[in-house]
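*Asks:* Provided herewith: protein.cif, mmCIF, C-alpha atoms.
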```
data_work
#
loop_
_atom_site.label_atom_id
_atom_site.label_comp_id
_atom_site.auth_asym_id
_atom_site.auth_seq_id
_atom_site.Cartn_x
_atom_site.Cartn_y
_atom_site.Cartn_z
CA MET X 287 37.75 -10.33 -49.38
CA ARG X 288 36.23 -11.01 -45.96
CA ALA X 289 34.34 -14.09 -44.88
CA VAL X 290 32.70 -15.21 -41.65
CA VAL X 291 33.64 -18.85 -40.96
CA LEU X 292 31.74 -20.88 -38.36
CA LEU X 293 34.30 -22.74 -36.30
CA SER X 294 33.26 -25.34 -33.74
CA GLY X 295 36.67 -26.75 -32.88
CA GLY X 296 35.85 -30.02 -34.62
CA LEU X 297 37.39 -31.73 -37.62
CA ASP X 298 34.89 -30.48 -40.20
CA SER X 299 35.07 -26.79 -39.39
CA ALA X 300 38.89 -26.85 -39.17
CA THR X 301 38.90 -28.22 -42.73
CA LEU X 302 36.37 -25.54 -43.69
CA LEU X 303 38.61 -22.75 -42.39
CA ALA X 304 41.60 -24.19 -44.27
CA LEU X 305 39.52 -24.27 -47.48
CA ALA X 306 38.33 -20.67 -47.06
CA ARG X 307 41.91 -19.51 -46.40
CA LYS X 308 43.11 -21.43 -49.48
CA GLN X 309 40.49 -19.56 -51.54
CA GLY X 310 42.04 -16.29 -50.39
CA TYR X 311 39.45 -15.11 -47.88
CA GLN X 312 40.35 -12.98 -44.90
CA CYS X 313 38.60 -15.18 -42.33
CA HIS X 314 36.64 -13.94 -39.34
CA ALA X 315 36.10 -17.10 -37.32
CA LEU X 316 32.99 -17.38 -35.16
CA SER X 317 32.27 -19.87 -32.36
CA PHE X 318 29.37 -20.19 -29.94
CA ALA X 319 29.22 -20.99 -26.23
CA TYR X 320 25.72 -22.38 -25.80
CA GLY X 321 25.94 -24.78 -22.91
CA GLN X 322 27.76 -27.59 -24.66
CA ARG X 323 28.80 -30.36 -22.31
CA HIS X 324 32.40 -29.20 -22.40
CA ARG X 325 34.40 -26.08 -23.27
CA ALA X 326 37.28 -28.11 -24.70
CA GLU X 327 35.96 -27.56 -28.20
CA LEU X 328 36.02 -23.78 -27.76
CA ASP X 329 39.64 -23.98 -26.61
CA ALA X 330 40.32 -26.09 -29.68
CA ALA X 331 38.59 -23.51 -31.89
CA SER X 332 40.91 -20.77 -30.59
CA ARG X 333 44.01 -22.82 -31.32
CA ILE X 334 42.76 -23.76 -34.79
CA ALA X 335 41.88 -20.14 -35.65
CA ARG X 336 45.41 -19.06 -34.73
CA GLU X 337 47.11 -21.99 -36.42
CA LEU X 338 45.21 -21.55 -39.71
CA GLY X 339 45.67 -17.79 -39.86
CA ALA X 340 42.18 -16.45 -39.14
CA ALA X 341 42.16 -12.64 -39.03
CA GLU X 342 40.05 -12.74 -35.88
CA HIS X 343 38.22 -15.24 -33.67
CA ARG X 344 35.06 -14.32 -31.83
CA VAL X 345 33.06 -16.41 -29.36
CA ILE X 346 29.40 -15.49 -28.91
CA ASP X 347 27.75 -16.49 -25.65
CA ILE X 348 24.28 -17.79 -26.27
CA PRO X 349 23.46 -19.77 -23.13
CA ALA X 350 19.73 -19.60 -23.92
CA LEU X 351 20.18 -22.16 -26.68
CA GLY X 352 21.33 -24.68 -24.08
CA GLU X 353 18.84 -23.57 -21.43
CA HIS X 354 15.95 -24.26 -23.78
CA GLY X 355 16.84 -27.94 -23.23
CA GLY X 356 15.71 -30.73 -25.48
CA SER X 357 19.12 -32.07 -26.54
CA ALA X 358 21.65 -34.56 -25.17
CA LEU X 359 24.38 -32.06 -26.11
CA THR X 360 23.23 -29.45 -23.63
CA ASP X 361 21.02 -31.32 -21.16
CA ARG X 362 22.80 -33.57 -18.69
CA GLY X 363 19.50 -35.37 -18.10
CA ILE X 364 19.69 -36.94 -21.58
CA ALA X 365 22.40 -39.56 -22.20
CA VAL X 366 24.69 -39.29 -25.23
CA PRO X 367 24.06 -42.41 -27.33
CA GLU X 368 26.89 -44.85 -27.96
CA LYS X 369 25.21 -46.68 -30.83
CA PRO X 370 23.77 -45.16 -34.00
CA GLY X 371 19.98 -45.00 -33.80
CA THR X 372 17.36 -44.34 -36.47
CA GLY X 373 15.80 -40.98 -37.31
CA ILE X 374 16.95 -37.67 -35.87
CA PRO X 375 19.20 -38.36 -32.86
CA VAL X 376 18.91 -36.97 -29.32
CA THR X 377 22.05 -34.91 -29.94
CA TYR X 378 19.96 -32.67 -32.25
CA VAL X 379 19.85 -29.13 -30.78
CA PRO X 380 16.59 -27.42 -31.83
CA ALA X 381 17.20 -24.83 -34.55
CA ARG X 382 20.91 -24.66 -33.79
CA ASN X 383 22.23 -23.94 -37.28
CA THR X 384 19.45 -21.40 -37.87
CA VAL X 385 20.56 -19.51 -34.76
CA PHE X 386 24.26 -19.81 -35.68
CA LEU X 387 23.73 -18.61 -39.25
CA ALA X 388 21.49 -15.75 -38.09
CA LEU X 389 24.23 -14.47 -35.77
CA ALA X 390 26.88 -15.02 -38.45
CA LEU X 391 24.74 -13.01 -40.86
CA ALA X 392 24.42 -10.15 -38.37
CA TRP X 393 28.20 -10.03 -37.93
CA ALA X 394 28.87 -10.39 -41.67
CA GLU X 395 26.62 -7.45 -42.48
CA VAL X 396 28.42 -5.22 -39.97
CA ILE X 397 31.95 -6.09 -41.15
CA GLU X 398 30.84 -5.99 -44.80
CA ALA X 399 31.59 -9.64 -45.49
CA ARG X 400 29.45 -11.17 -48.24
CA ASP X 401 30.50 -14.76 -47.67
CA ILE X 402 29.61 -17.09 -44.80
CA PHE X 403 31.15 -20.56 -44.50
CA ILE X 404 29.48 -23.37 -42.56
CA GLY X 405 30.85 -26.91 -42.21
CA VAL X 406 27.61 -28.88 -42.46
CA ASN X 407 27.73 -32.28 -44.03
CA ALA X 408 24.80 -34.19 -45.47
CA ILE X 409 26.49 -37.58 -45.95
CA ASP X 410 27.79 -38.53 -42.51
CA TYR X 411 25.52 -35.93 -40.99
CA SER X 412 23.87 -38.04 -38.29
CA GLY X 413 20.38 -37.09 -39.51
CA TYR X 414 20.20 -33.40 -38.57
CA PRO X 415 17.60 -31.51 -40.66
CA ASP X 416 19.65 -28.29 -40.57
CA CYS X 417 22.61 -29.94 -42.34
CA ARG X 418 20.80 -30.49 -45.66
CA PRO X 419 21.44 -28.59 -48.92
CA GLU X 420 17.82 -27.33 -49.02
CA PHE X 421 18.26 -25.75 -45.61
CA ILE X 422 21.42 -23.93 -46.73
CA ALA X 423 19.73 -22.70 -49.92
CA ALA X 424 16.71 -21.48 -47.94
CA PHE X 425 18.92 -19.62 -45.50
CA GLN X 426 20.76 -17.87 -48.33
CA SER X 427 17.44 -16.70 -49.81
CA LEU X 428 16.34 -15.50 -46.40
CA ALA X 429 19.61 -13.62 -45.84
CA ASN X 430 19.11 -11.64 -49.00
CA LEU X 431 15.56 -10.65 -48.02
CA ALA X 432 16.38 -9.94 -44.39
CA THR X 433 19.22 -7.47 -44.65
CA LYS X 434 20.05 -3.99 -45.84
CA ALA X 435 23.01 -5.40 -47.80
CA GLY X 436 20.74 -7.98 -49.46
CA VAL X 437 18.07 -5.43 -50.38
CA GLU X 438 20.69 -3.05 -51.76
CA GLY X 439 21.99 -5.78 -54.06
CA ARG X 440 25.17 -6.79 -52.26
CA GLY X 441 24.00 -10.35 -51.73
CA PHE X 442 25.24 -12.96 -49.28
CA ASN X 443 26.57 -16.38 -50.24
CA ILE X 444 26.33 -19.25 -47.79
CA HIS X 445 29.13 -21.69 -48.58
CA ALA X 446 28.87 -25.29 -47.41
CA PRO X 447 31.75 -26.92 -49.30
CA LEU X 448 31.76 -30.09 -47.15
CA ILE X 449 28.10 -30.83 -47.70
CA ASP X 450 28.58 -33.69 -50.19
CA MET X 451 31.83 -35.08 -48.81
CA THR X 452 32.27 -38.24 -46.79
CA LYS X 453 34.27 -37.99 -43.57
CA ALA X 454 37.19 -39.60 -45.43
CA ASP X 455 36.97 -36.97 -48.21
CA ILE X 456 37.02 -34.19 -45.61
CA ILE X 457 40.05 -35.67 -43.86
CA GLY X 458 41.90 -36.16 -47.16
CA THR X 459 41.18 -32.55 -48.15
CA GLY X 460 42.38 -31.20 -44.80
CA MET X 461 45.54 -33.33 -44.80
CA ARG X 462 46.47 -31.94 -48.22
CA LEU X 463 45.92 -28.40 -46.85
CA GLY X 464 48.13 -29.14 -43.83
CA VAL X 465 45.44 -29.17 -41.12
CA ASP X 466 46.75 -30.51 -37.82
CA TYR X 467 43.80 -32.66 -36.73
CA SER X 468 45.35 -33.35 -33.34
CA LEU X 469 44.15 -29.82 -32.45
CA THR X 470 40.51 -30.67 -33.19
CA VAL X 471 37.89 -32.11 -30.84
CA SER X 472 34.92 -34.02 -32.28
CA CYS X 473 33.80 -36.06 -29.26
CA TYR X 474 30.37 -35.27 -27.77
CA GLN X 475 31.76 -35.88 -24.30
CA ALA X 476 35.44 -34.89 -24.41
CA ASP X 477 37.10 -34.27 -21.06
CA GLU X 478 38.43 -30.87 -20.01
CA ALA X 479 41.73 -31.48 -21.76
CA GLY X 480 39.87 -32.23 -24.99
CA ARG X 481 40.51 -35.99 -24.88
CA ALA X 482 37.90 -38.10 -26.66
CA CYS X 483 35.75 -40.94 -25.30
CA GLY X 484 36.16 -43.09 -28.41
CA ARG X 485 32.62 -44.44 -28.05
CA CYS X 486 30.04 -41.79 -29.03
CA ASP X 487 28.63 -41.35 -32.56
CA ALA X 488 31.00 -38.47 -33.32
CA CYS X 489 34.08 -40.48 -32.23
CA ARG X 490 33.03 -43.50 -34.29
CA LEU X 491 32.44 -41.43 -37.45
CA ARG X 492 35.78 -39.71 -37.02
CA ALA X 493 37.82 -42.86 -36.41
CA ALA X 494 36.18 -44.58 -39.40
CA GLY X 495 37.02 -41.52 -41.53
CA PHE X 496 40.73 -41.68 -40.73
CA ALA X 497 40.75 -45.42 -41.42
CA GLU X 498 38.98 -45.00 -44.76
CA ALA X 499 41.17 -42.06 -45.81
CA GLY X 500 44.25 -44.12 -44.96
CA TYR X 501 45.76 -41.77 -42.39
CA ALA X 502 46.84 -42.49 -38.84
CA ASP X 503 44.22 -41.18 -36.38
CA PRO X 504 45.85 -38.32 -34.40
CA THR X 505 42.92 -38.09 -31.95
CA ARG X 506 43.88 -37.89 -28.30
CA TYR X 507 41.80 -40.51 -26.51
CA ARG X 508 41.52 -40.66 -22.75
CA MET O 234 -2.44 -24.46 -27.80
CA ARG O 235 0.93 -22.88 -27.14
CA ALA O 236 2.50 -19.95 -28.97
CA VAL O 237 5.76 -18.06 -28.64
CA VAL O 238 5.07 -14.31 -28.82
CA LEU O 239 7.91 -11.84 -29.40
CA LEU O 240 7.41 -8.98 -26.97
CA SER O 241 9.55 -5.86 -27.13
CA GLY O 242 7.70 -3.71 -24.63
CA GLY O 243 6.43 -1.42 -27.39
CA LEU O 244 2.95 -0.65 -28.62
CA ASP O 245 2.93 -3.11 -31.53
CA SER O 246 3.99 -6.21 -29.64
CA ALA O 247 1.60 -5.45 -26.74
CA THR O 248 -1.22 -5.43 -29.30
CA LEU O 249 0.18 -8.64 -30.79
CA LEU O 250 0.08 -10.41 -27.42
CA ALA O 251 -3.49 -9.24 -26.84
CA LEU O 252 -4.47 -10.63 -30.28
CA ALA O 253 -2.80 -13.99 -29.63
CA ARG O 254 -4.50 -14.25 -26.23
CA LYS O 255 -7.85 -13.36 -27.83
CA GLN O 256 -7.34 -16.24 -30.31
CA GLY O 257 -6.99 -18.60 -27.36
CA TYR O 258 -3.25 -19.23 -27.36
CA GLN O 259 -1.33 -20.02 -24.20
CA CYS O 260 1.33 -17.37 -24.73
CA HIS O 261 5.04 -17.79 -23.96
CA ALA O 262 6.37 -14.26 -24.27
CA LEU O 263 9.97 -13.74 -25.38
CA SER O 264 12.08 -10.60 -25.12
CA PHE O 265 15.73 -9.91 -25.94
CA ALA O 266 18.41 -7.90 -24.16
CA TYR O 267 20.83 -7.02 -26.94
CA GLY O 268 22.42 -3.77 -25.91
CA GLN O 269 19.47 -1.50 -26.60
CA ARG O 270 20.07 2.03 -25.42
CA HIS O 271 17.78 1.50 -22.45
CA ARG O 272 16.34 -1.34 -20.40
CA ALA O 273 13.04 0.48 -19.85
CA GLU O 274 11.44 -1.45 -22.68
CA LEU O 275 12.33 -4.78 -21.05
CA ASP O 276 10.73 -3.61 -17.80
CA ALA O 277 7.70 -2.62 -19.86
CA ALA O 278 7.65 -6.05 -21.51
CA SER O 279 7.49 -7.76 -18.10
CA ARG O 280 4.56 -5.63 -16.97
CA ILE O 281 2.71 -6.15 -20.26
CA ALA O 282 3.25 -9.94 -20.15
CA ARG O 283 1.75 -10.05 -16.65
CA GLU O 284 -1.08 -7.66 -17.44
CA LEU O 285 -2.15 -9.51 -20.60
CA GLY O 286 -1.96 -12.97 -19.04
CA ALA O 287 1.11 -14.52 -20.69
CA ALA O 288 1.82 -18.00 -19.30
CA GLU O 289 5.51 -17.15 -19.02
CA HIS O 290 7.93 -14.37 -19.92
CA ARG O 291 11.51 -15.09 -20.83
CA VAL O 292 14.32 -12.61 -21.56
CA ILE O 293 17.22 -13.90 -23.66
CA ASP O 294 20.54 -12.09 -23.30
CA ILE O 295 22.19 -11.68 -26.65
CA PRO O 296 24.71 -8.87 -26.10
CA ALA O 297 26.64 -9.90 -29.23
CA LEU O 298 23.89 -8.43 -31.41
CA GLY O 299 24.63 -5.01 -29.93
CA GLU O 300 28.40 -5.51 -29.82
CA HIS O 301 28.49 -6.15 -33.54
CA GLY O 302 27.72 -2.43 -33.84
CA GLY O 303 26.36 -0.80 -36.97
CA SER O 304 23.11 0.61 -35.57
CA ALA O 305 22.04 3.77 -33.80
CA LEU O 306 19.92 1.57 -31.48
CA THR O 307 22.92 -0.15 -29.96
CA ASP O 308 25.90 2.08 -30.77
CA ARG O 309 26.15 5.30 -28.80
CA GLY O 310 28.49 6.64 -31.48
CA ILE O 311 25.57 6.90 -33.94
CA ALA O 312 22.90 9.53 -33.23
CA VAL O 313 19.20 8.59 -33.26
CA PRO O 314 17.60 10.64 -36.04
CA GLU O 315 14.88 13.13 -35.20
CA LYS O 316 13.60 13.55 -38.76
CA PRO O 317 12.46 10.82 -41.14
CA GLY O 318 15.16 10.12 -43.73
CA THR O 319 15.08 8.18 -46.97
CA GLY O 320 16.06 4.53 -47.44
CA ILE O 321 16.86 2.16 -44.60
CA PRO O 322 17.44 4.21 -41.43
CA VAL O 323 20.43 4.10 -39.07
CA THR O 324 18.22 2.49 -36.41
CA TYR O 325 18.29 -0.71 -38.52
CA VAL O 326 20.00 -3.48 -36.50
CA PRO O 327 21.68 -5.96 -38.89
CA ALA O 328 19.71 -9.21 -39.15
CA ARG O 329 17.82 -8.49 -35.93
CA ASN O 330 14.52 -10.15 -36.77
CA THR O 331 16.34 -13.16 -38.27
CA VAL O 332 18.18 -13.65 -34.97
CA PHE O 333 14.99 -13.09 -32.91
CA LEU O 334 12.93 -15.54 -34.97
CA ALA O 335 15.72 -18.13 -34.92
CA LEU O 336 15.81 -18.06 -31.12
CA ALA O 337 11.99 -18.05 -30.95
CA LEU O 338 11.99 -21.11 -33.22
CA ALA O 339 14.49 -22.91 -30.99
CA TRP O 340 12.31 -22.28 -27.94
CA ALA O 341 9.08 -23.13 -29.77
CA GLU O 342 10.45 -26.49 -30.85
CA VAL O 343 11.44 -27.38 -27.29
CA ILE O 344 8.09 -26.42 -25.71
CA GLU O 345 6.18 -27.97 -28.64
CA ALA O 346 4.60 -24.72 -29.78
CA ARG O 347 3.79 -24.62 -33.49
CA ASP O 348 2.91 -20.92 -33.63
CA ILE O 349 5.21 -17.92 -33.41
CA PHE O 350 3.85 -14.36 -33.32
CA ILE O 351 5.93 -11.35 -34.37
CA GLY O 352 4.72 -7.75 -34.42
CA VAL O 353 6.36 -6.54 -37.61
CA ASN O 354 4.60 -3.94 -39.64
CA ALA O 355 5.19 -3.12 -43.30
CA ILE O 356 3.17 0.09 -43.51
CA ASP O 357 4.64 2.38 -40.90
CA TYR O 358 7.70 0.15 -40.73
CA SER O 359 10.44 2.78 -41.11
CA GLY O 360 12.02 0.92 -44.04
CA TYR O 361 13.40 -2.20 -42.33
CA PRO O 362 13.90 -5.09 -44.78
CA ASP O 363 13.12 -7.71 -42.12
CA CYS O 364 9.61 -6.31 -41.57
CA ARG O 365 8.32 -7.25 -45.02
CA PRO O 366 5.82 -10.04 -45.82
CA GLU O 367 8.34 -11.83 -48.08
CA PHE O 368 10.80 -12.03 -45.19
CA ILE O 369 8.16 -13.59 -42.92
CA ALA O 370 7.16 -16.12 -45.60
CA ALA O 371 10.81 -17.03 -46.21
CA PHE O 372 11.42 -17.55 -42.50
CA GLN O 373 8.40 -19.85 -42.23
CA SER O 374 9.73 -21.99 -45.10
CA LEU O 375 13.14 -22.07 -43.48
CA ALA O 376 11.67 -23.09 -40.10
CA ASN O 377 10.02 -26.11 -41.65
CA LEU O 378 13.25 -27.25 -43.30
CA ALA O 379 15.48 -26.50 -40.31
CA THR O 380 13.78 -28.41 -37.53
CA LYS O 381 12.93 -31.89 -36.41
CA ALA O 382 9.31 -30.81 -35.91
CA GLY O 383 9.18 -29.37 -39.43
CA VAL O 384 10.69 -32.47 -41.03
CA GLU O 385 8.34 -34.73 -39.11
CA GLY O 386 5.35 -32.81 -40.45
CA ARG O 387 4.39 -30.75 -37.43
CA GLY O 388 4.98 -27.46 -39.22
CA PHE O 389 5.50 -23.99 -37.79
CA ASN O 390 3.38 -20.95 -38.57
CA ILE O 391 4.87 -17.50 -38.30
CA HIS O 392 2.05 -15.06 -37.58
CA ALA O 393 2.50 -11.38 -38.35
CA PRO O 394 -1.06 -10.07 -37.93
CA LEU O 395 -0.02 -6.40 -37.76
CA ILE O 396 1.90 -6.49 -41.02
CA ASP O 397 -0.69 -4.63 -43.13
CA MET O 398 -2.06 -2.36 -40.42
CA THR O 399 -1.40 1.34 -40.02
CA LYS O 400 -0.33 2.54 -36.59
CA ALA O 401 -3.88 3.87 -36.11
CA ASP O 402 -5.34 0.43 -36.98
CA ILE O 403 -3.04 -1.21 -34.46
CA ILE O 404 -4.00 1.24 -31.74
CA GLY O 405 -7.72 0.84 -32.51
CA THR O 406 -7.38 -2.95 -32.33
CA GLY O 407 -5.54 -2.83 -29.04
CA MET O 408 -7.96 -0.35 -27.47
CA ARG O 409 -10.86 -2.69 -28.31
CA LEU O 410 -8.94 -5.55 -26.66
CA GLY O 411 -8.31 -3.46 -23.55
CA VAL O 412 -4.55 -2.94 -23.93
CA ASP O 413 -3.23 -0.34 -21.50
CA TYR O 414 -0.81 1.56 -23.75
CA SER O 415 0.52 3.63 -20.87
CA LEU O 416 2.53 0.48 -20.00
CA THR O 417 4.28 0.42 -23.38
CA VAL O 418 7.51 2.15 -24.41
CA SER O 419 8.13 2.94 -28.10
CA CYS O 420 10.77 5.68 -27.85
CA TYR O 421 14.25 4.91 -29.21
CA GLN O 422 15.78 6.91 -26.36
CA ALA O 423 13.41 6.55 -23.41
CA ASP O 424 14.84 7.42 -19.99
CA GLU O 425 15.26 4.83 -17.23
CA ALA O 426 11.70 5.34 -16.06
CA GLY O 427 10.45 4.62 -19.58
CA ARG O 428 9.50 8.23 -20.38
CA ALA O 429 9.60 9.13 -24.06
CA CYS O 430 11.59 11.87 -25.82
CA GLY O 431 8.69 12.85 -28.11
CA ARG O 432 11.09 13.66 -30.94
CA CYS O 433 12.51 10.44 -32.47
CA ASP O 434 10.94 8.58 -35.41
CA ALA O 435 9.26 6.04 -33.12
CA CYS O 436 7.70 8.76 -30.95
CA ARG O 437 6.42 10.68 -33.98
CA LEU O 438 4.82 7.58 -35.55
CA ARG O 439 3.19 6.66 -32.25
CA ALA O 440 1.79 10.12 -31.52
CA ALA O 441 0.42 10.40 -35.06
CA GLY O 442 -1.22 6.97 -34.62
CA PHE O 443 -3.13 8.00 -31.51
CA ALA O 444 -4.23 11.22 -33.20
CA GLU O 445 -5.43 9.39 -36.31
CA ALA O 446 -7.19 6.67 -34.30
CA GLY O 447 -8.96 9.34 -32.28
CA TYR O 448 -7.70 8.30 -28.84
CA ALA O 449 -5.94 10.39 -26.22
CA ASP O 450 -2.19 9.63 -26.22
CA PRO O 451 -1.36 7.93 -22.89
CA THR O 452 2.41 8.09 -23.51
CA ARG O 453 4.47 9.34 -20.58
CA TYR O 454 6.75 12.05 -21.96
CA ARG O 455 9.66 13.46 -20.01
#
```
For the structure just supplied, provide its representation as structure tokens.

*Replies:*
Amino acid sequence: MRAVVLLSGGLDSATLLALARKQGYQCHALSFAYGQRHRAELDAASRIARELGAAEHRVIDIPALGEHGGSALTDRGIAVPEKPGTGIPVTYVPARNTVFLALALAWAEVIEARDIFIGVNAIDYSGYPDCRPEFIAAFQSLANLATKAGVEGRGFNIHAPLIDMTKADIIGTGMRLGVDYSLTVSCYQADEAGRACGRCDACRLRAAGFAEAGYADPTRYR
Amino acid sequence: MRAVVLLSGGLDSATLLALARKQGYQCHALSFAYGQRHRAELDAASRIARELGAAEHRVIDIPALGEHGGSALTDRGIAVPEKPGTGIPVTYVPARNTVFLALALAWAEVIEARDIFIGVNAIDYSGYPDCRPEFIAAFQSLANLATKAGVEGRGFNIHAPLIDMTKADIIGTGMRLGVDYSLTVSCYQADEAGRACGRCDACRLRAAGFAEAGYADPTRYR
């Protein structure tokens, strides 16, 4: 039973891959190079895919998503915030999860996978519109209209098992599944070795999650 | 008033661009290089964008869509059919229009365009699931859930004005708008100079369209 699993190299998607493996899926891990500020998370994704027994790990280059601009994650002209703001943050990348799921769907149809896993999270989700349950449901409907497999009745399921979990829940789940979180990179501005800044939104959420879950934080800080 | 217009270099999307221009949009034309069998259609797209007064023409490289395989359009191991078949043809590229619209949406959000034009056609559409009105409607709903602009109430409209037209209707519309169809390439296996085979599905549909519309066929055949 094949699945495409979106793998960023962060804490959430490592937990996602462990969950999909636990459910017995043969996992085809998929990452994207889209002009992120650092490649450390892609290196992390490769290590995690190997460590957690993915059948395959593919990296799709989609530099256009970064070149469009408009996000602090891909545009060096926009500073990464160090304090939580209100509303949708500047780290929002326009239509990112729509693009990622579209490419995952294309690959899934070719390899005859019916299941796509994405590690979005609506609780500690930093306010991104494309991390909400209604977005995931809408994409699943679209997938089944858009494809030959969908039209012929072999429907797609978009799984977002982390969507209602807190960061502490996610960490607890992963620890029980044996995920080595020292391999993961969450920081928005990690250095080339994957060491975290400890100050950005993503670092704060992650550190608070380990504290709340009651585990020592294995993050490598610089 | 800005719009993103998907431009393949073929007859339909040239007509689409002319229609969007006629409606007063400042048109940002978008093409994709995804491992098509020939680049002639991208060269055609550039000429058409210039000729029809697009504000800008951008080509996004997305080789992964071709590397996934599974289509006669991108996989040299699968022959392009020369007779119409039944069902969804082998020229179907998995999830292609979903990927194209996702990337168009990302660009539209950055440049603050609210309108996206796509030249899909459900009449002479060769059986592709992602050319149907229900697919377009589902993508528009998704776009308004997926994006910051959508959530903040500046919604997107996906325009598919050719969707109910026959090939002859499209050609008649374009001729009235002054489209020079000798610039366009429809053939699935055009040569490097953009000359058509005259035998594939796309060539047959196009030739029949000119005949039915009562115009001389300006296609350059090899």

*Asks:* What does the distance from CA of Leu292 (chain X) to CA of Pro419 (chain X) come to in Å, to one decimal?

*Replies:*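 Computing it gives 16.6 Å between the two atoms.
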
*Asks:* Apply the PyMOL selection byres ((chain O) within 8 of (chain X)) to the structure shown and report the selected residues as a PyMOL selection string.

*Replies:* chain O and resi 293-295+297-298+301-303+321+327-332+335-336+338-340+342-343+361-363+367-368+371-372+374-375+378-381+384

*Asks:* Any idea what the distance is between CA of Ala499 (chain X) and CA of Ala304 (chain X)?

*Replies:* 17.9 Å

*Asks:* Suppose you want the space between CA of Thr417 (chain O) and CA of Arg280 (chain O); what is it in Å?

*Replies:*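 Atom-to-atom, CA of Thr417 (chain O) and CA of Arg280 (chain O) are spaced 8.8 Å apart.
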
*Asks:* Choose the residue, out of O:Ala266, O:Leu285, O:Thr452, O:Ala253, that has the smallest atom-to-atom separation from Gly411 (chain O); count only C-alpha atoms.

*Replies:*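 Of the candidates, the smallest distance to Gly411 (chain O) is held by O:Leu285.
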
*Asks:* For the structure shown, which residues end up in the PyMOL selection byres ((chain O and resi 426-443) around 8)? Put them as a PyMOL selection string, please?

*Replies:* chain O and resi 273-274+277+313-317+357+399-401+404+418-425+444-450+452-455

*Asks:* Print the selection's residues with C-alpha atoms to a file, as a tab-separated table (two decimals), in the frame of the given file.

*Replies:*
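What ended up in part02.tsv:
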```tsv
chain	number	residue	atom	x	y	z
O	273	ALA	CA	13.04	0.48	-19.85
O	274	GLU	CA	11.44	-1.45	-22.68
O	277	ALA	CA	7.70	-2.62	-19.86
O	313	VAL	CA	19.20	8.59	-33.26
O	314	PRO	CA	17.60	10.64	-36.04
O	315	GLU	CA	14.88	13.13	-35.20
O	316	LYS	CA	13.60	13.55	-38.76
O	317	PRO	CA	12.46	10.82	-41.14
O	357	ASP	CA	4.64	2.38	-40.90
O	399	THR	CA	-1.40	1.34	-40.02
O	400	LYS	CA	-0.33	2.54	-36.59
O	401	ALA	CA	-3.88	3.87	-36.11
O	404	ILE	CA	-4.00	1.24	-31.74
O	418	VAL	CA	7.51	2.15	-24.41
O	419	SER	CA	8.13	2.94	-28.10
O	420	CYS	CA	10.77	5.68	-27.85
O	421	TYR	CA	14.25	4.91	-29.21
O	422	GLN	CA	15.78	6.91	-26.36
O	423	ALA	CA	13.41	6.55	-23.41
O	424	ASP	CA	14.84	7.42	-19.99
O	425	GLU	CA	15.26	4.83	-17.23
O	444	ALA	CA	-4.23	11.22	-33.20
O	445	GLU	CA	-5.43	9.39	-36.31
O	446	ALA	CA	-7.19	6.67	-34.30
O	447	GLY	CA	-8.96	9.34	-32.28
O	448	TYR	CA	-7.70	8.30	-28.84
O	449	ALA	CA	-5.94	10.39	-26.22
O	450	ASP	CA	-2.19	9.63	-26.22
O	452	THR	CA	2.41	8.09	-23.51
O	453	ARG	CA	4.47	9.34	-20.58
O	454	TYR	CA	6.75	12.05	-21.96
O	455	ARG	CA	9.66	13.46	-20.01
```

*Asks:* Expanded to explicit residues, what is the PyMOL selection byres ((chain X and resi 459-463) around 9) for this file, as a PyMOL selection string?

*Replies:* chain X and resi 297-298+300-302+304-305+308+454-458+464-467+501

*Asks:* Can you write just those residues out, C-alpha atoms, as a PDB file, in the frame of the given file?

*Replies:*
```pdb
ATOM      1  CA  LEU X 297      37.390 -31.730 -37.620  1.00  0.00           C
ATOM      2  CA  ASP X 298      34.890 -30.480 -40.200  1.00  0.00           C
ATOM      3  CA  ALA X 300      38.890 -26.850 -39.170  1.00  0.00           C
ATOM      4  CA  THR X 301      38.900 -28.220 -42.730  1.00  0.00           C
ATOM      5  CA  LEU X 302      36.370 -25.540 -43.690  1.00  0.00           C
ATOM      6  CA  ALA X 304      41.600 -24.190 -44.270  1.00  0.00           C
ATOM      7  CA  LEU X 305      39.520 -24.270 -47.480  1.00  0.00           C
ATOM      8  CA  LYS X 308      43.110 -21.430 -49.480  1.00  0.00           C
ATOM      9  CA  ALA X 454      37.190 -39.600 -45.430  1.00  0.00           C
ATOM     10  CA  ASP X 455      36.970 -36.970 -48.210  1.00  0.00           C
ATOM     11  CA  ILE X 456      37.020 -34.190 -45.610  1.00  0.00           C
ATOM     12  CA  ILE X 457      40.050 -35.670 -43.860  1.00  0.00           C
ATOM     13  CA  GLY X 458      41.900 -36.160 -47.160  1.00  0.00           C
ATOM     14  CA  GLY X 464      48.130 -29.140 -43.830  1.00  0.00           C
ATOM     15  CA  VAL X 465      45.440 -29.170 -41.120  1.00  0.00           C
ATOM     16  CA  ASP X 466      46.750 -30.510 -37.820  1.00  0.00           C
ATOM     17  CA  TYR X 467      43.800 -32.660 -36.730  1.00  0.00           C
ATOM     18  CA  TYR X 501      45.760 -41.770 -42.390  1.00  0.00           C
TER      19      TYR X 501
END
```

*Asks:* Considering all atoms listed in the file, can you say which of X:Met451, X:Cys313, X:Gly296, X:Tyr320 comes closest to Phe403 (chain X)?

*Replies:* X:Cys313

*Asks:* From the options X:Gly441, X:Gly339, X:Gly321, X:Gly295, which residue's atoms come nearest to Arg400 (chain X), counting all atoms listed in the file?

*Replies:* X:Gly441

*Asks:* Which residue, X:Arg288, X:Leu469, X:Ile444, X:Ile409, has the smallest gap to Ala335 (chain X) when you use only C-alpha atoms?

*Replies:*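 Nearest candidate to Ala335 (chain X) out of X:Arg288, X:Leu469, X:Ile444, X:Ile409: X:Leu469.
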